[in-house]
Amino acid sequence: MLKAYTPDNGRLQSADSVEAHDAAVVWVDLLSPTDEEEQAVEAWLGVGVPTRDEMEEIEISSRLYAEDGAHFMTATLPAKADGDRPEMAPVTFVLAAGKLATIRYHEPRSFETFPQRAEKVALGCQDGESILIALLEVIVDREADILERAGREIGEIAHGIFHPAERQVSKRDRNFQIILRKIGRKEELLSNMQDSLLSLQRLCGFLSTLMGKSDREARARVKTLQRDVASISDHAATLSQKITFLLDATLGMISIEQNAIIKIFSVVAVIFLPPTLVASIYGMNFEKMPELSWSFGYPLALVIMVASAVLPFLYFKRRGWL
């Protein structure tokens, strides 16, 4: 799919095609392009666009470079990020002769909301550089929103760990299993977001070197972008540390629950050990046992067994072991 845009007093207007408005088009967005669309954009841009395999290279030299007077910048961006498993894929931005081309194979929400907003509000979209800066601002805002949502959900997980609603041990155990899965999903989300923010941080650093001859406002916006990405990265690192703490806390809670259960079994075993000893003694089949001829021998044995069970229980209770 190919979408072309032309500037209109700081706004963006959709164009029918690149060929029909060749001179006026300043931004072309390629989504899973066909060979014909790639050829049309290469003719309009004057340079070749990278293939999908080239976009997925992880080396910095393959993601941020200049070639034939054009500058290529690739960042990993999330799509379908309303859940805990966003679709992560690279997006390449190509700046050449005041024109911008974006190549992607997934659908980050920023590429849907930005053109809609730019058609209604003047965002200073006059050339490829200004459009790229405005688009990156929307992308960074979107990633901040994702982390804000993740932070709220992590807070809910923490409340579930330290303030469990269930009183029964069996139900709490099931809740801890659910919490562990939630923690795992949040860790995966934060890991993906940190990778994305790292690629954006490198992209903004590379872009700042291209702004040397640009106007002061553009340079200031790029510097603000760099600060925003750095602060969001710090926030993501803080959330990642909190997730690690919650994982340790959850495992600690599970260990405490298991130890409490084992302690109960141990105490019960100790309590019933003396009665078992008494019953074992009087269960012996010896001929000469004086108590066998006593009329009160059987009640006395029962009293001794009950007492030998109650006294250890009261002792444990007094010491606070139960």
# chains A, B, ... in the order shown; residues from 1 in each chain; ligands from 1

$ residues_around --residues "Leu12 of chain A" --least-positions-apart "3" --cutoff "10 Å" --atoms "only C-alpha atoms" --output "CSV table (one decimal) with N, CA and C atoms, in the first residue's frame"
chain,number,residue,atom,x,y,z
A,4,ALA,N,0.6,8.9,-0.4
A,4,ALA,CA,1.4,10.1,-0.7
A,4,ALA,C,0.7,11.3,-0.1
A,5,TYR,N,1.5,12.3,0.4
A,5,TYR,CA,1.0,13.5,1.0
A,5,TYR,C,1.8,14.7,0.5
A,6,THR,N,1.0,15.8,0.4
A,6,THR,CA,1.6,17.1,-0.1
A,6,THR,C,1.3,18.1,1.0
A,7,PRO,N,2.2,19.1,1.2
A,7,PRO,CA,2.0,20.1,2.2
A,7,PRO,C,1.0,21.2,1.8
A,8,ASP,N,0.3,21.7,2.9
A,8,ASP,CA,-0.7,22.7,2.7
A,8,ASP,C,-0.7,23.6,3.9
A,9,ASN,N,0.1,24.7,3.8
A,9,ASN,CA,0.2,25.7,4.9
A,9,ASN,C,0.4,25.0,6.3
A,15,ALA,N,-2.6,12.7,-1.5
A,15,ALA,CA,-2.4,12.8,-2.9
A,15,ALA,C,-2.9,11.5,-3.6
A,25,VAL,N,4.6,16.3,-3.9
A,25,VAL,CA,4.7,15.3,-2.8
A,25,VAL,C,5.9,15.4,-2.0
A,26,VAL,N,5.8,15.4,-0.6
A,26,VAL,CA,6.9,15.5,0.3
A,26,VAL,C,7.0,14.3,1.2
A,27,TRP,N,6.0,13.5,1.3
A,27,TRP,CA,6.0,12.3,2.1
A,27,TRP,C,5.3,11.1,1.4
A,114,PHE,N,-1.2,10.1,13.0
A,114,PHE,CA,-0.5,11.3,12.6
A,114,PHE,C,-1.0,12.0,11.3
A,115,PRO,N,-1.2,11.2,10.2
A,115,PRO,CA,-1.8,11.9,9.1
A,115,PRO,C,-3.2,12.5,9.3
A,116,GLN,N,-4.0,11.8,10.1
A,116,GLN,CA,-5.3,12.4,10.4
A,116,GLN,C,-5.2,13.7,11.2
A,117,ARG,N,-4.3,13.8,12.1
A,117,ARG,CA,-4.1,15.0,12.9
A,117,ARG,C,-3.5,16.1,12.0
A,118,ALA,N,-2.5,15.7,11.2
A,118,ALA,CA,-1.8,16.7,10.3
A,118,ALA,C,-2.7,17.3,9.3
A,119,GLU,N,-3.8,16.6,8.9
A,119,GLU,CA,-4.7,17.1,7.9
A,119,GLU,C,-5.6,18.2,8.6
A,120,LYS,N,-5.8,18.1,9.9
A,120,LYS,CA,-6.7,19.1,10.6
A,120,LYS,C,-5.9,20.2,11.3
A,121,VAL,N,-4.7,19.9,11.7
A,121,VAL,CA,-3.9,20.9,12.5
A,121,VAL,C,-2.6,21.2,11.8
A,122,ALA,N,-2.3,22.5,11.8
A,122,ALA,CA,-1.0,22.9,11.2
A,122,ALA,C,0.2,22.5,12.2
A,123,LEU,N,0.9,21.5,11.8
A,123,LEU,CA,2.1,21.0,12.6
A,123,LEU,C,3.4,21.4,12.0
A,124,GLY,N,3.4,22.4,11.1
A,124,GLY,CA,4.6,22.8,10.4
A,124,GLY,C,5.2,21.9,9.4
A,125,CYS,N,4.3,21.1,8.8
A,125,CYS,CA,4.8,20.1,7.8
A,125,CYS,C,5.0,20.7,6.5
A,126,GLN,N,6.2,21.2,6.3
A,126,GLN,CA,6.6,21.8,5.0
A,126,GLN,C,7.4,21.0,4.1
A,131,ILE,N,8.3,17.0,8.6
A,131,ILE,CA,7.3,15.9,8.7
A,131,ILE,C,7.9,14.8,9.6

$ residues_around --residues "Leu180 of chain A" --least-positions-apart "3" --cutoff "9 Å" --atoms "only C-alpha atoms" --output "PyMOL selection string"
chain A and resi 175-177+183-185+247+250-251

$ select_by_dssp --residues "segment 26-148 of chain A" --states "strand (DSSP E)" --output "VMD selection string"
chain A and resid 27 to 31 64 to 67 70 to 79 87 to 96 99 to 104

$ write_last_selection --atoms "C-alpha atoms" --output "compact mmCIF listing (two decimals), in the first residue's frame"
# COMPACT_ATOMS: atom_id res chain seq x y z
CA TRP A 27 6.03 12.28 2.12
CA VAL A 28 5.34 8.78 0.86
CA ASP A 29 4.36 6.04 3.28
CA LEU A 30 4.89 2.47 2.08
CA LEU A 31 3.11 -0.38 3.86
CA LEU A 64 21.76 4.55 10.40
CA TYR A 65 23.73 5.54 7.33
CA ALA A 66 23.98 7.95 4.40
CA GLU A 67 24.06 6.85 0.77
CA ALA A 70 20.08 10.30 1.21
CA HIS A 71 19.95 9.45 4.90
CA PHE A 72 18.50 6.13 6.05
CA MET A 73 17.24 5.67 9.63
CA THR A 74 15.61 2.49 10.97
CA ALA A 75 13.89 2.06 14.33
CA THR A 76 11.96 -0.80 15.89
CA LEU A 77 8.39 0.26 16.65
CA PRO A 78 5.46 -1.53 18.32
CA ALA A 79 2.09 -2.21 16.69
CA GLU A 87 4.06 -6.75 17.21
CA MET A 88 7.63 -5.43 16.99
CA ALA A 89 9.11 -4.71 13.57
CA PRO A 90 11.51 -2.21 11.97
CA VAL A 91 10.42 0.99 10.23
CA THR A 92 12.81 2.81 7.91
CA PHE A 93 12.78 6.58 7.40
CA VAL A 94 14.55 7.90 4.29
CA LEU A 95 15.37 11.60 3.91
CA ALA A 96 16.51 12.78 0.50
CA LYS A 99 11.52 14.45 0.81
CA LEU A 100 10.58 11.72 3.27
CA ALA A 101 9.77 8.07 2.59
CA THR A 102 8.76 5.60 5.28
CA ILE A 103 8.90 1.85 4.66
CA ARG A 104 7.20 -0.58 7.04

$ closest_residue --among "A:His163, A:Glu188, A:Asp195, A:Val310" --to "Pro275 of chain A" --atoms "only C-alpha atoms"
A:Val310

$ residues_around --residues "Val278 of chain A" --least-positions-apart "6" --cutoff "12 Å" --atoms "only C-alpha atoms" --output "PyMOL selection string"
chain A and resi 272+284+298+300-309

$ closest_residue --among "A:Ile262, A:Leu210, A:Ile271, A:Leu200" --to "Glu129 of chain A" --atoms "only C-alpha atoms"
A:Leu210

$ atom_distance --atom1 "atom CA of Leu190 of chain A" --atom2 "atom CA of Arg109 of chain A"
18.1 Å

$ atom_distance --atom1 "atom CA of Lys317 of chain A" --atom2 "atom CA of Ala269 of chain A"
15.1 Å

$ atom_distance --atom1 "atom CA of Glu112 of chain A" --atom2 "atom CA of Ser61 of chain A"
29.0 Å
